[in-house]
file work-v2.tsv (TSV, C-alpha atoms)
chain	number	residue	atom	x	y	z
F	1	MET	CA	-67.99	141.29	147.35
F	2	LYS	CA	-69.67	144.38	146.03
F	3	GLY	CA	-71.47	145.31	149.24
F	4	MET	CA	-75.11	145.45	150.24
F	5	SER	CA	-77.99	147.89	149.73
F	6	LEU	CA	-78.01	151.60	150.58
F	7	ILE	CA	-79.99	151.03	153.79
F	8	VAL	CA	-77.45	148.56	155.13
F	9	LYS	CA	-74.56	150.84	154.16
F	10	THR	CA	-76.08	153.91	155.88
F	11	ILE	CA	-76.95	152.06	159.08
F	12	SER	CA	-73.58	150.31	159.29
F	13	ASP	CA	-71.77	153.65	158.75
F	14	PHE	CA	-73.75	155.02	161.67
F	15	VAL	CA	-73.16	152.02	163.94
F	16	VAL	CA	-69.48	151.20	163.28
F	17	GLY	CA	-68.16	154.09	165.36
F	18	PHE	CA	-70.27	153.14	168.35
F	19	ILE	CA	-69.14	149.51	168.12
F	20	ILE	CA	-65.49	150.59	168.14
F	21	ILE	CA	-66.10	152.89	171.12
F	22	PHE	CA	-67.82	150.07	173.01
F	23	GLY	CA	-64.92	147.72	172.21
F	24	ALA	CA	-62.43	150.31	173.45
F	25	TYR	CA	-64.46	150.69	176.67
F	26	ILE	CA	-64.47	146.91	177.21
F	27	VAL	CA	-60.68	146.87	176.72
F	28	LEU	CA	-59.80	149.93	178.84
F	29	TYR	CA	-62.03	148.97	181.78
F	30	GLY	CA	-61.08	145.30	181.58
F	31	HIS	CA	-59.40	145.42	185.01
F	32	LEU	CA	-62.41	147.05	186.70
F	33	THR	CA	-65.49	145.50	185.05
F	34	PRO	CA	-66.11	142.23	183.21
F	35	GLY	CA	-64.39	142.11	179.85
F	36	GLY	CA	-60.79	142.44	178.83
F	37	GLY	CA	-58.44	142.42	175.91
F	38	PHE	CA	-59.80	139.38	174.13
F	39	ALA	CA	-63.50	140.25	174.26
F	40	GLY	CA	-62.90	143.91	173.39
F	41	GLY	CA	-60.58	142.94	170.56
F	42	VAL	CA	-63.23	140.67	169.06
F	43	ILE	CA	-65.78	143.51	169.28
F	44	ILE	CA	-63.43	145.92	167.47
F	45	ALA	CA	-62.72	143.27	164.83
F	46	SER	CA	-66.46	142.75	164.33
F	47	ALA	CA	-66.84	146.47	163.57
F	48	PHE	CA	-64.37	146.18	160.69
F	49	ILE	CA	-66.00	142.94	159.56
F	50	LEU	CA	-69.37	144.75	159.48
F	51	LEU	CA	-67.74	147.42	157.32
F	52	MET	CA	-66.41	144.73	154.98
F	53	LEU	CA	-69.76	142.94	154.74
F	54	ALA	CA	-71.72	146.13	154.10
F	55	HIS	CA	-69.35	148.04	151.80
F	56	GLY	CA	-67.18	145.34	150.31
F	57	LYS	CA	-63.50	144.62	150.51
F	58	ASP	CA	-62.08	147.87	149.15
F	59	VAL	CA	-63.69	150.27	151.64
F	60	ALA	CA	-62.77	148.05	154.61
F	61	PHE	CA	-59.15	147.78	153.43
F	62	SER	CA	-59.01	151.55	152.98
F	63	LYS	CA	-59.89	151.95	156.69
F	64	LEU	CA	-57.58	149.20	157.93
F	65	GLY	CA	-55.21	147.98	155.26
F	66	GLU	CA	-54.02	144.41	155.03
F	67	ARG	CA	-50.42	145.42	155.64
F	68	ALA	CA	-51.38	147.65	158.58
F	69	ALA	CA	-53.32	144.75	160.10
F	70	HIS	CA	-50.27	142.50	159.72
F	71	ILE	CA	-48.09	145.10	161.45
F	72	LEU	CA	-50.63	145.66	164.26
F	73	ASP	CA	-50.94	141.92	164.80
F	74	SER	CA	-47.19	141.46	165.24
F	75	ALA	CA	-46.85	144.68	167.22
F	76	GLY	CA	-49.52	143.61	169.72
F	77	ALA	CA	-47.83	140.26	170.32
F	78	LEU	CA	-44.41	141.90	170.67
F	79	ALA	CA	-45.78	144.59	173.00
F	80	PHE	CA	-47.20	141.95	175.33
F	81	LEU	CA	-43.84	140.16	175.32
F	82	LEU	CA	-42.12	143.48	176.01
F	83	ILE	CA	-44.39	144.08	179.02
F	84	GLY	CA	-43.22	140.72	180.32
F	85	TRP	CA	-39.56	141.68	179.80
F	86	VAL	CA	-40.02	145.00	181.60
F	87	GLY	CA	-40.83	142.93	184.66
F	88	VAL	CA	-37.31	141.46	184.55
F	89	VAL	CA	-36.06	144.88	185.71
F	90	GLY	CA	-37.88	144.36	189.00
F	91	GLY	CA	-36.86	140.76	189.47
F	92	TYR	CA	-38.63	138.19	187.32
F	93	PHE	CA	-40.49	137.78	184.04
F	94	PHE	CA	-43.97	139.38	184.13
F	95	MET	CA	-43.37	141.06	187.48
F	96	ASN	CA	-45.82	143.92	188.04
F	97	VAL	CA	-43.26	146.73	188.28
F	98	PHE	CA	-45.54	149.55	187.11
F	99	GLY	CA	-47.14	151.72	189.75
F	100	ARG	CA	-50.32	150.19	191.11
F	101	GLY	CA	-52.06	153.55	191.35
F	102	GLU	CA	-55.26	154.11	193.27
F	103	GLN	CA	-57.87	151.43	193.76
F	104	PHE	CA	-60.90	151.39	191.41
F	105	ARG	CA	-59.38	154.07	189.14
F	106	LEU	CA	-58.76	153.70	185.41
F	107	LEU	CA	-55.00	154.16	185.79
F	108	SER	CA	-54.40	151.45	188.35
F	109	SER	CA	-53.21	147.86	188.65
F	110	GLY	CA	-49.90	148.35	186.85
F	111	MET	CA	-49.30	146.19	183.81
F	112	ILE	CA	-52.83	144.80	183.50
F	113	LEU	CA	-54.09	147.82	181.52
F	114	PRO	CA	-51.22	147.87	178.95
F	115	GLY	CA	-51.45	144.09	178.70
F	116	ASN	CA	-55.14	144.32	177.88
F	117	ILE	CA	-54.48	146.97	175.22
F	118	ALA	CA	-51.71	144.89	173.60
F	119	ILE	CA	-53.91	141.78	173.50
F	120	ALA	CA	-56.81	143.80	172.08
F	121	PHE	CA	-54.66	145.08	169.18
F	122	LYS	CA	-53.44	141.56	168.52
F	123	VAL	CA	-56.85	139.88	168.60
F	124	ALA	CA	-58.66	142.59	166.62
F	125	SER	CA	-56.20	142.72	163.75
F	126	SER	CA	-55.70	138.96	163.55
F	127	LEU	CA	-59.43	138.15	163.49
F	128	PHE	CA	-59.94	140.82	160.83
F	129	LEU	CA	-57.12	139.21	158.82
F	130	VAL	CA	-58.69	135.77	159.13
F	131	PHE	CA	-62.05	137.02	157.92
F	132	SER	CA	-60.51	138.95	155.02
F	133	ALA	CA	-58.42	135.93	154.01
F	134	LEU	CA	-61.50	133.68	154.06
F	135	ALA	CA	-63.67	136.16	152.14
F	136	VAL	CA	-61.09	137.00	149.48
F	137	PHE	CA	-60.10	133.39	149.05
F	138	ARG	CA	-63.70	132.27	148.71
F	139	ARG	CA	-64.47	134.88	146.08
F	140	ARG	CA	-61.47	134.15	143.91
F	141	SER	CA	-61.70	130.38	143.94
F	142	PHE	CA	-65.47	130.54	143.38
F	143	ARG	CA	-65.09	132.76	140.33
F	144	SER	CA	-62.29	130.70	138.86
F	145	MET	CA	-64.35	127.55	139.41
F	146	ILE	CA	-67.20	129.08	137.43
F	147	GLU	CA	-64.90	130.07	134.61
F	148	GLY	CA	-63.39	126.60	134.64
F	149	GLU	CA	-59.89	127.95	134.97
F	150	LEU	CA	-58.96	126.13	138.14
F	151	ARG	CA	-57.06	122.96	137.34
Y	1	MET	CA	-76.43	131.65	196.39
Y	2	GLU	CA	-79.97	130.78	195.36
Y	3	ASN	CA	-80.74	127.53	193.64
Y	4	ILE	CA	-80.04	127.87	189.90
Y	5	ALA	CA	-80.30	124.17	189.04
Y	6	PRO	CA	-83.68	124.40	187.15
Y	7	GLN	CA	-82.43	127.14	184.82
Y	8	LEU	CA	-79.18	125.27	184.18
Y	9	TYR	CA	-80.99	122.00	183.45
Y	10	THR	CA	-83.33	123.81	181.02
Y	11	LEU	CA	-80.35	125.33	179.21
Y	12	LEU	CA	-78.61	121.94	179.21
Y	13	VAL	CA	-81.61	120.21	177.60
Y	14	PHE	CA	-81.79	123.04	175.03
Y	15	MET	CA	-78.10	122.63	174.23
Y	16	VAL	CA	-78.38	118.84	173.86
Y	17	VAL	CA	-81.38	119.20	171.54
Y	18	GLY	CA	-79.58	121.87	169.50
Y	19	SER	CA	-76.50	119.67	169.14
Y	20	ILE	CA	-78.57	116.71	167.98
Y	21	ILE	CA	-80.34	118.91	165.41
Y	22	ALA	CA	-76.97	120.25	164.22
Y	23	ILE	CA	-75.67	116.73	163.68
Y	24	GLU	CA	-78.78	115.22	162.15
Y	25	THR	CA	-80.02	117.98	159.82
Y	26	LYS	CA	-79.32	117.65	156.11
Y	27	ASN	CA	-78.94	121.37	155.45
Y	28	LEU	CA	-75.57	122.97	156.22
Y	29	LEU	CA	-77.06	126.40	156.96
Y	30	SER	CA	-79.49	125.07	159.55
Y	31	ALA	CA	-76.65	123.07	161.11
Y	32	VAL	CA	-74.65	126.31	161.47
Y	33	ILE	CA	-77.65	128.09	163.02
Y	34	SER	CA	-78.19	125.22	165.51
Y	35	VAL	CA	-74.55	125.26	166.57
Y	36	SER	CA	-74.81	129.00	167.19
Y	37	ALA	CA	-77.99	128.53	169.24
Y	38	VAL	CA	-76.05	126.07	171.40
Y	39	GLY	CA	-73.28	128.65	171.81
Y	40	PHE	CA	-75.68	131.41	172.86
Y	41	ALA	CA	-77.32	129.09	175.40
Y	42	LEU	CA	-73.85	128.31	176.74
Y	43	SER	CA	-73.15	132.02	177.20
Y	44	ILE	CA	-76.42	132.40	179.17
Y	45	ALA	CA	-75.38	129.42	181.28
Y	46	PHE	CA	-72.06	131.13	182.07
Y	47	LEU	CA	-74.03	134.22	183.10
Y	48	PHE	CA	-76.11	132.13	185.52
Y	49	LEU	CA	-72.94	130.56	186.92
Y	50	GLY	CA	-71.59	134.05	187.77
Y	51	ALA	CA	-68.90	134.31	185.10
Y	52	PRO	CA	-69.70	137.47	183.07
Y	53	ASP	CA	-66.20	137.65	181.57
Y	54	ILE	CA	-66.53	134.26	179.93
Y	55	ALA	CA	-70.14	135.06	178.96
Y	56	ILE	CA	-69.09	138.23	177.09
Y	57	THR	CA	-66.24	136.46	175.34
Y	58	GLN	CA	-68.44	133.50	174.41
Y	59	LEU	CA	-71.13	135.84	173.05
Y	60	VAL	CA	-68.88	137.96	170.82
Y	61	VAL	CA	-66.87	135.00	169.55
Y	62	GLU	CA	-70.12	133.18	168.81
Y	63	VAL	CA	-71.42	136.13	166.78
Y	64	LEU	CA	-68.16	136.34	164.83
Y	65	VAL	CA	-68.06	132.59	164.16
Y	66	LEU	CA	-71.70	132.67	163.06
Y	67	ILE	CA	-70.93	135.41	160.54
Y	68	ILE	CA	-67.87	133.59	159.22
Y	69	LEU	CA	-69.64	130.22	158.97
Y	70	ILE	CA	-72.72	131.69	157.25
Y	71	ARG	CA	-70.41	133.55	154.88
Y	72	GLY	CA	-68.66	130.26	154.18
Y	73	THR	CA	-71.76	128.12	153.68
Y	74	ILE	CA	-74.12	130.51	151.90
Y	75	LEU	CA	-72.04	130.59	148.74
Y	76	LEU	CA	-71.89	126.83	148.38
Y	77	ASP	CA	-74.26	125.35	145.85
Y	78	ASN	CA	-74.78	121.96	147.46
Y	79	THR	CA	-75.76	122.83	151.03
Y	80	ALA	CA	-77.56	119.50	151.46
Y	81	ILE	CA	-75.52	116.53	152.61
Y	82	GLU	CA	-76.39	113.38	150.72
Y	83	LYS	CA	-73.77	111.05	152.15
Y	84	GLY	CA	-75.04	108.44	154.61
Y	85	ARG	CA	-73.80	108.07	158.15
Y	86	ASP	CA	-70.79	105.91	158.90
Y	87	THR	CA	-71.97	103.03	161.09
Y	88	LEU	CA	-68.50	102.22	162.43
Y	89	ALA	CA	-67.98	105.82	163.62
Y	90	MET	CA	-71.41	105.79	165.28
Y	91	VAL	CA	-70.70	102.49	167.11
Y	92	ALA	CA	-67.28	103.79	168.19
Y	93	SER	CA	-68.72	107.03	169.57
Y	94	LEU	CA	-71.51	105.14	171.38
Y	95	ILE	CA	-68.92	102.86	173.01
Y	96	PHE	CA	-66.82	105.92	173.92
Y	97	PHE	CA	-69.71	107.75	175.62
Y	98	GLY	CA	-70.82	104.52	177.31
Y	99	MET	CA	-67.35	104.13	178.81
Y	100	ILE	CA	-67.37	107.75	180.03
Y	101	LEU	CA	-70.77	107.27	181.70
Y	102	GLY	CA	-69.67	103.92	183.15
Y	103	PHE	CA	-66.50	105.32	184.70
Y	104	GLY	CA	-68.46	108.30	186.00
Y	105	ALA	CA	-70.95	106.01	187.70
Y	106	LEU	CA	-68.06	103.96	189.10
Y	107	ILE	CA	-66.32	106.99	190.61
Y	108	PHE	CA	-69.23	109.18	191.74
Y	109	GLY	CA	-71.92	106.51	192.13
Y	110	SER	CA	-71.24	105.68	195.78
Y	111	THR	CA	-70.11	109.06	197.13
Y	112	GLY	CA	-72.18	111.47	195.02
Y	113	PHE	CA	-70.97	114.64	193.33
Y	114	PRO	CA	-69.17	117.26	195.43
Y	115	ALA	CA	-71.03	120.56	195.81
Y	116	PHE	CA	-70.43	123.32	193.24
Y	117	GLY	CA	-67.19	125.22	193.93
Y	118	GLU	CA	-66.22	122.89	196.76
Y	119	PRO	CA	-63.61	122.29	198.00
Y	120	LEU	CA	-61.87	125.63	197.43
Y	121	MET	CA	-58.30	124.82	196.40
Y	122	ARG	CA	-55.36	126.36	198.21
Y	123	VAL	CA	-54.05	128.29	195.19
Y	124	SER	CA	-57.44	129.72	194.31
Y	125	LYS	CA	-57.95	130.70	197.96
Y	126	VAL	CA	-54.72	132.72	197.79
Y	127	TYR	CA	-55.81	134.32	194.50
Y	128	VAL	CA	-59.23	135.30	195.83
Y	129	GLN	CA	-57.83	136.72	199.06
Y	130	THR	CA	-54.84	138.63	197.66
Y	131	GLY	CA	-56.18	139.54	194.20
Y	132	LEU	CA	-57.38	143.04	195.05
Y	133	PRO	CA	-54.68	144.11	197.55
Y	134	ALA	CA	-51.81	142.73	195.47
Y	135	THR	CA	-52.76	144.09	192.04
Y	136	TYR	CA	-55.45	146.76	192.67
Y	137	ALA	CA	-57.53	145.26	189.85
Y	138	ALA	CA	-61.20	145.23	190.84
Y	139	ASN	CA	-61.96	142.52	188.27
Y	140	ILE	CA	-60.45	139.41	189.82
Y	141	VAL	CA	-60.38	137.58	186.48
Y	142	ALA	CA	-58.14	140.29	185.00
Y	143	SER	CA	-55.84	140.12	188.02
Y	144	ILE	CA	-55.49	136.37	187.54
Y	145	ILE	CA	-55.05	136.14	183.76
Y	146	LEU	CA	-52.78	139.18	183.42
Y	147	ASP	CA	-50.84	139.15	186.68
Y	148	PHE	CA	-50.74	135.83	188.51
Y	149	ARG	CA	-51.02	133.78	185.34
Y	150	ALA	CA	-49.56	136.12	182.72
Y	151	TYR	CA	-47.42	133.27	181.43
Y	152	ASP	CA	-50.57	131.41	180.41
Y	153	THR	CA	-51.87	134.48	178.60
Y	154	LEU	CA	-48.57	134.81	176.76
Y	155	GLY	CA	-48.88	131.16	175.71
Y	156	GLU	CA	-52.46	131.74	174.56
Y	157	ALA	CA	-51.40	134.79	172.53
Y	158	THR	CA	-48.59	132.73	170.99
Y	159	VAL	CA	-51.01	129.94	170.04
Y	160	LEU	CA	-53.36	132.47	168.42
Y	161	PHE	CA	-50.47	134.12	166.58
Y	162	ALA	CA	-49.09	130.83	165.27
Y	163	SER	CA	-52.48	129.46	164.19
Y	164	ILE	CA	-53.38	132.67	162.34
Y	165	LEU	CA	-49.95	132.68	160.70
Y	166	GLY	CA	-50.58	129.13	159.50
Y	167	ALA	CA	-54.10	129.84	158.28
Y	168	LEU	CA	-52.98	132.95	156.41
Y	169	ALA	CA	-50.07	131.08	154.82
Y	170	ILE	CA	-52.34	128.32	153.53
Y	171	LEU	CA	-55.21	130.57	152.35
Y	172	ARG	CA	-52.90	133.22	150.88
Y	173	ARG	CA	-51.10	130.80	148.65
Y	174	THR	CA	-54.29	129.53	147.04
Y	175	GLY	CA	-55.58	133.08	146.63
Y	176	LYS	CA	-52.39	134.25	144.95
Y	177	ALA	CA	-52.33	131.25	142.61
Y	178	GLY	CA	-55.96	131.94	141.69
Y	179	GLU	CA	-55.14	135.57	141.03
Y	180	GLU	CA	-52.36	134.65	138.67
Y	181	VAL	CA	-54.65	132.27	136.80
Y	182	VAL	CA	-57.36	134.94	136.52
Y	183	SER	CA	-54.99	137.67	135.38
Y	184	ALA	CA	-53.11	135.46	132.91

call {"tool": "encode", "arguments": {"input": "work-v2.tsv", "output": "structure tokens"}}
result
Amino acid sequence: MKGMSLIVKTISDFVVGFIIIFGAYIVLYGHLTPGGGFAGGVIIASAFILLMLAHGKDVAFSKLGERAAHILDSAGALAFLLIGWVGVVGGYFFMNVFGRGEQFRLLSSGMILPGNIAIAFKVASSLFLVFSALAVFRRRSFRSMIEGELR
Amino acid sequence: MENIAPQLYTLLVFMVVGSIIAIETKNLLSAVISVSAVGFALSIAFLFLGAPDIAITQLVVEVLVLIILIRGTILLDNTAIEKGRDTLAMVASLIFFGMILGFGALIFGSTGFPAFGEPLMRVSKVYVQTGLPATYAANIVASIILDFRAYDTLGEATVLFASILGALAILRRTGKAGEEVVSA
């Protein structure tokens, strides 16, 4: 994947930041407005996928490396599990022991906000990994099929 | 709640037509586009049914899947399917759907369908009544999936983690083997 034309590259550079901000908004306000960790995570992943489609593999991996995505994926899953274990302190698994805060405020509703953030990290990095695996795999096998080197 | 049946029936007819086109068309790319049209119509239907959370998720996942599927099909040389249809599979699926319709008529034929959202179950009544005071989350869906039913969300995250681990393991191996062949 070499990337697309200059117009596409310029526009996607301009838009990627806004997409990530919108995804972060969907994640952070998931307990107050429609949305949540999964939807916001997919939006953030689509920003990186746009970067990969417009600029090619190397630029996208320089922003979010393959190894960093692996680590974020595992860290998100473990963080969500950890939030569940923190509840054991108060009595049972996934008990909402954090302060509930004030109604209709950003910092309210205890563990729902950190849970959303953990799920968003997990979903965003894992969907980015799936797309990168599919794209890289497709390119390599396609080229080796042309050169007749496969099998 | 005003009557939304006409809009829903229109969307339903659109989705059925889109599915039939997706199955019957010979071109892979137009099949992908038809499937995505069905998905977008489904997200509008969720919006009409008063479920914006599911509508947002359906919309963004649909966009992502459309990109991935187009990326997967556009590089293939033979996007047209020449192979004929399997008659046995068609007969089996017709019998299957006939049985579903028959049992549905048997069960609901005499009494008629219950109204939408009725009866309200006991558990969901508790969730709706205590969702805001118990968790302080204004979005009741978030209070259910991350507080009352956090176990289910953990299971869902585990399923996603395991499936992506499996997909990466399979795709990675082929990619690495190809790389060795190319570099050798």

call {"tool": "closest_atom_pairs", "arguments": {"input": "work-v2.tsv", "of": "chain Y", "to": "chain F", "cutoff": "7 Å", "atoms": "only C-alpha atoms", "output": "JSON lines"}}
result
{"residue": "Y:Pro52", "atom": "CA", "partner": "F:Pro34", "partner_atom": "CA", "distance": 6.0}
{"residue": "Y:Asp53", "atom": "CA", "partner": "F:Pro34", "partner_atom": "CA", "distance": 4.9}
{"residue": "Y:Ile56", "atom": "CA", "partner": "F:Ala39", "partner_atom": "CA", "distance": 6.6}
{"residue": "Y:Thr57", "atom": "CA", "partner": "F:Ala39", "partner_atom": "CA", "distance": 4.8}
{"residue": "Y:Val60", "atom": "CA", "partner": "F:Val42", "partner_atom": "CA", "distance": 6.5}
{"residue": "Y:Val61", "atom": "CA", "partner": "F:Val42", "partner_atom": "CA", "distance": 6.8}
{"residue": "Y:Leu64", "atom": "CA", "partner": "F:Ser46", "partner_atom": "CA", "distance": 6.7}
{"residue": "Y:Ile68", "atom": "CA", "partner": "F:Phe131", "partner_atom": "CA", "distance": 6.9}
{"residue": "Y:Thr135", "atom": "CA", "partner": "F:Ser109", "partner_atom": "CA", "distance": 5.1}
{"residue": "Y:Tyr136", "atom": "CA", "partner": "F:Ser109", "partner_atom": "CA", "distance": 4.7}
{"residue": "Y:Ala137", "atom": "CA", "partner": "F:Ser109", "partner_atom": "CA", "distance": 5.2}
{"residue": "Y:Ala138", "atom": "CA", "partner": "F:Leu32", "partner_atom": "CA", "distance": 4.7}
{"residue": "Y:Asn139", "atom": "CA", "partner": "F:Leu32", "partner_atom": "CA", "distance": 4.8}
{"residue": "Y:Ala142", "atom": "CA", "partner": "F:His31", "partner_atom": "CA", "distance": 5.3}
{"residue": "Y:Leu146", "atom": "CA", "partner": "F:Ile112", "partner_atom": "CA", "distance": 5.6}
{"residue": "Y:Asp147", "atom": "CA", "partner": "F:Ile112", "partner_atom": "CA", "distance": 6.8}
{"residue": "Y:Ala150", "atom": "CA", "partner": "F:Phe94", "partner_atom": "CA", "distance": 6.6}
{"residue": "Y:Ala157", "atom": "CA", "partner": "F:Ala77", "partner_atom": "CA", "distance": 6.9}
{"residue": "Y:Ile164", "atom": "CA", "partner": "F:Ser126", "partner_atom": "CA", "distance": 6.8}
{"residue": "Y:Leu168", "atom": "CA", "partner": "F:Ala133", "partner_atom": "CA", "distance": 6.7}
{"residue": "Y:Leu171", "atom": "CA", "partner": "F:Ala133", "partner_atom": "CA", "distance": 6.5}
{"residue": "Y:Arg172", "atom": "CA", "partner": "F:Ala133", "partner_atom": "CA", "distance": 6.9}
{"residue": "Y:Gly175", "atom": "CA", "partner": "F:Phe137", "partner_atom": "CA", "distance": 5.1}
{"residue": "Y:Gly178", "atom": "CA", "partner": "F:Arg140", "partner_atom": "CA", "distance": 6.3}
{"residue": "Y:Val182", "atom": "CA", "partner": "F:Ser144", "partner_atom": "CA", "distance": 6.9}

call {"tool": "atom_distance", "arguments": {"input": "work-v2.tsv", "atom1": "atom CA of Y:Tyr127", "atom2": "atom CA of Y:Tyr151"}}
result
15.6 Å

call {"tool": "residues_around", "arguments": {"input": "work-v2.tsv", "residues": "stretch 34-46 of chain Y", "least_positions_apart": "6", "cutoff": "12 Å", "atoms": "all atoms listed in the file", "output": "PyMOL selection string"}}
result
chain Y and resi 4-25+27-28+52-70

call {"tool": "atom_distance", "arguments": {"input": "work-v2.tsv", "atom1": "atom CA of Y:Thr130", "atom2": "atom CA of F:Val97"}}
result
17.0 Å

call {"tool": "atom_distance", "arguments": {"input": "work-v2.tsv", "atom1": "atom CA of Y:Ile140", "atom2": "atom CA of F:Ile117"}}
result
17.5 Å

call {"tool": "residues_around", "arguments": {"input": "work-v2.tsv", "residues": "Y:Ser124", "least_positions_apart": "5", "cutoff": "12 Å", "atoms": "only C-alpha atoms", "output": "PDB file with C-alpha atoms, in the coordinates of the input"}}
result
ATOM      1  CA  GLY Y 117     -67.190 125.220 193.930  1.00  0.00           C
ATOM      2  CA  GLU Y 118     -66.220 122.890 196.760  1.00  0.00           C
ATOM      3  CA  PRO Y 119     -63.610 122.290 198.000  1.00  0.00           C
ATOM      4  CA  GLN Y 129     -57.830 136.720 199.060  1.00  0.00           C
ATOM      5  CA  THR Y 130     -54.840 138.630 197.660  1.00  0.00           C
ATOM      6  CA  GLY Y 131     -56.180 139.540 194.200  1.00  0.00           C
ATOM      7  CA  ILE Y 140     -60.450 139.410 189.820  1.00  0.00           C
ATOM      8  CA  VAL Y 141     -60.380 137.580 186.480  1.00  0.00           C
ATOM      9  CA  ILE Y 144     -55.490 136.370 187.540  1.00  0.00           C
ATOM     10  CA  PHE Y 148     -50.740 135.830 188.510  1.00  0.00           C
ATOM     11  CA  ARG Y 149     -51.020 133.780 185.340  1.00  0.00           C
TER      12      ARG Y 149
END

call {"tool": "decode", "arguments": {"input": "work-v2.tsv", "residues": "stretch 89-105 of chain F", "atoms": "C-alpha atoms", "output": "PDB file, in the first residue's frame"}}
result
ATOM      1  CA  VAL F  89     -12.913  -4.948  48.093  1.00  0.00           C
ATOM      2  CA  GLY F  90     -16.476  -3.758  48.628  1.00  0.00           C
ATOM      3  CA  GLY F  91     -18.054  -7.183  48.645  1.00  0.00           C
ATOM      4  CA  TYR F  92     -18.432  -8.892  45.280  1.00  0.00           C
ATOM      5  CA  PHE F  93     -16.981  -8.995  41.778  1.00  0.00           C
ATOM      6  CA  PHE F  94     -17.881  -5.877  39.738  1.00  0.00           C
ATOM      7  CA  MET F  95     -19.359  -4.062  42.721  1.00  0.00           C
ATOM      8  CA  ASN F  96     -19.557  -0.322  42.086  1.00  0.00           C
ATOM      9  CA  VAL F  97     -17.256   0.787  44.921  1.00  0.00           C
ATOM     10  CA  PHE F  98     -16.089   4.048  43.330  1.00  0.00           C
ATOM     11  CA  GLY F  99     -17.802   7.239  44.409  1.00  0.00           C
ATOM     12  CA  ARG F 100     -20.992   7.857  42.478  1.00  0.00           C
ATOM     13  CA  GLY F 101     -20.382  11.596  42.308  1.00  0.00           C
ATOM     14  CA  GLU F 102     -23.032  14.093  41.304  1.00  0.00           C
ATOM     15  CA  GLN F 103     -25.840  13.275  38.920  1.00  0.00           C
ATOM     16  CA  PHE F 104     -25.455  14.271  35.239  1.00  0.00           C
ATOM     17  CA  ARG F 105     -21.789  15.254  35.725  1.00  0.00           C
TER      18      ARG F 105
END
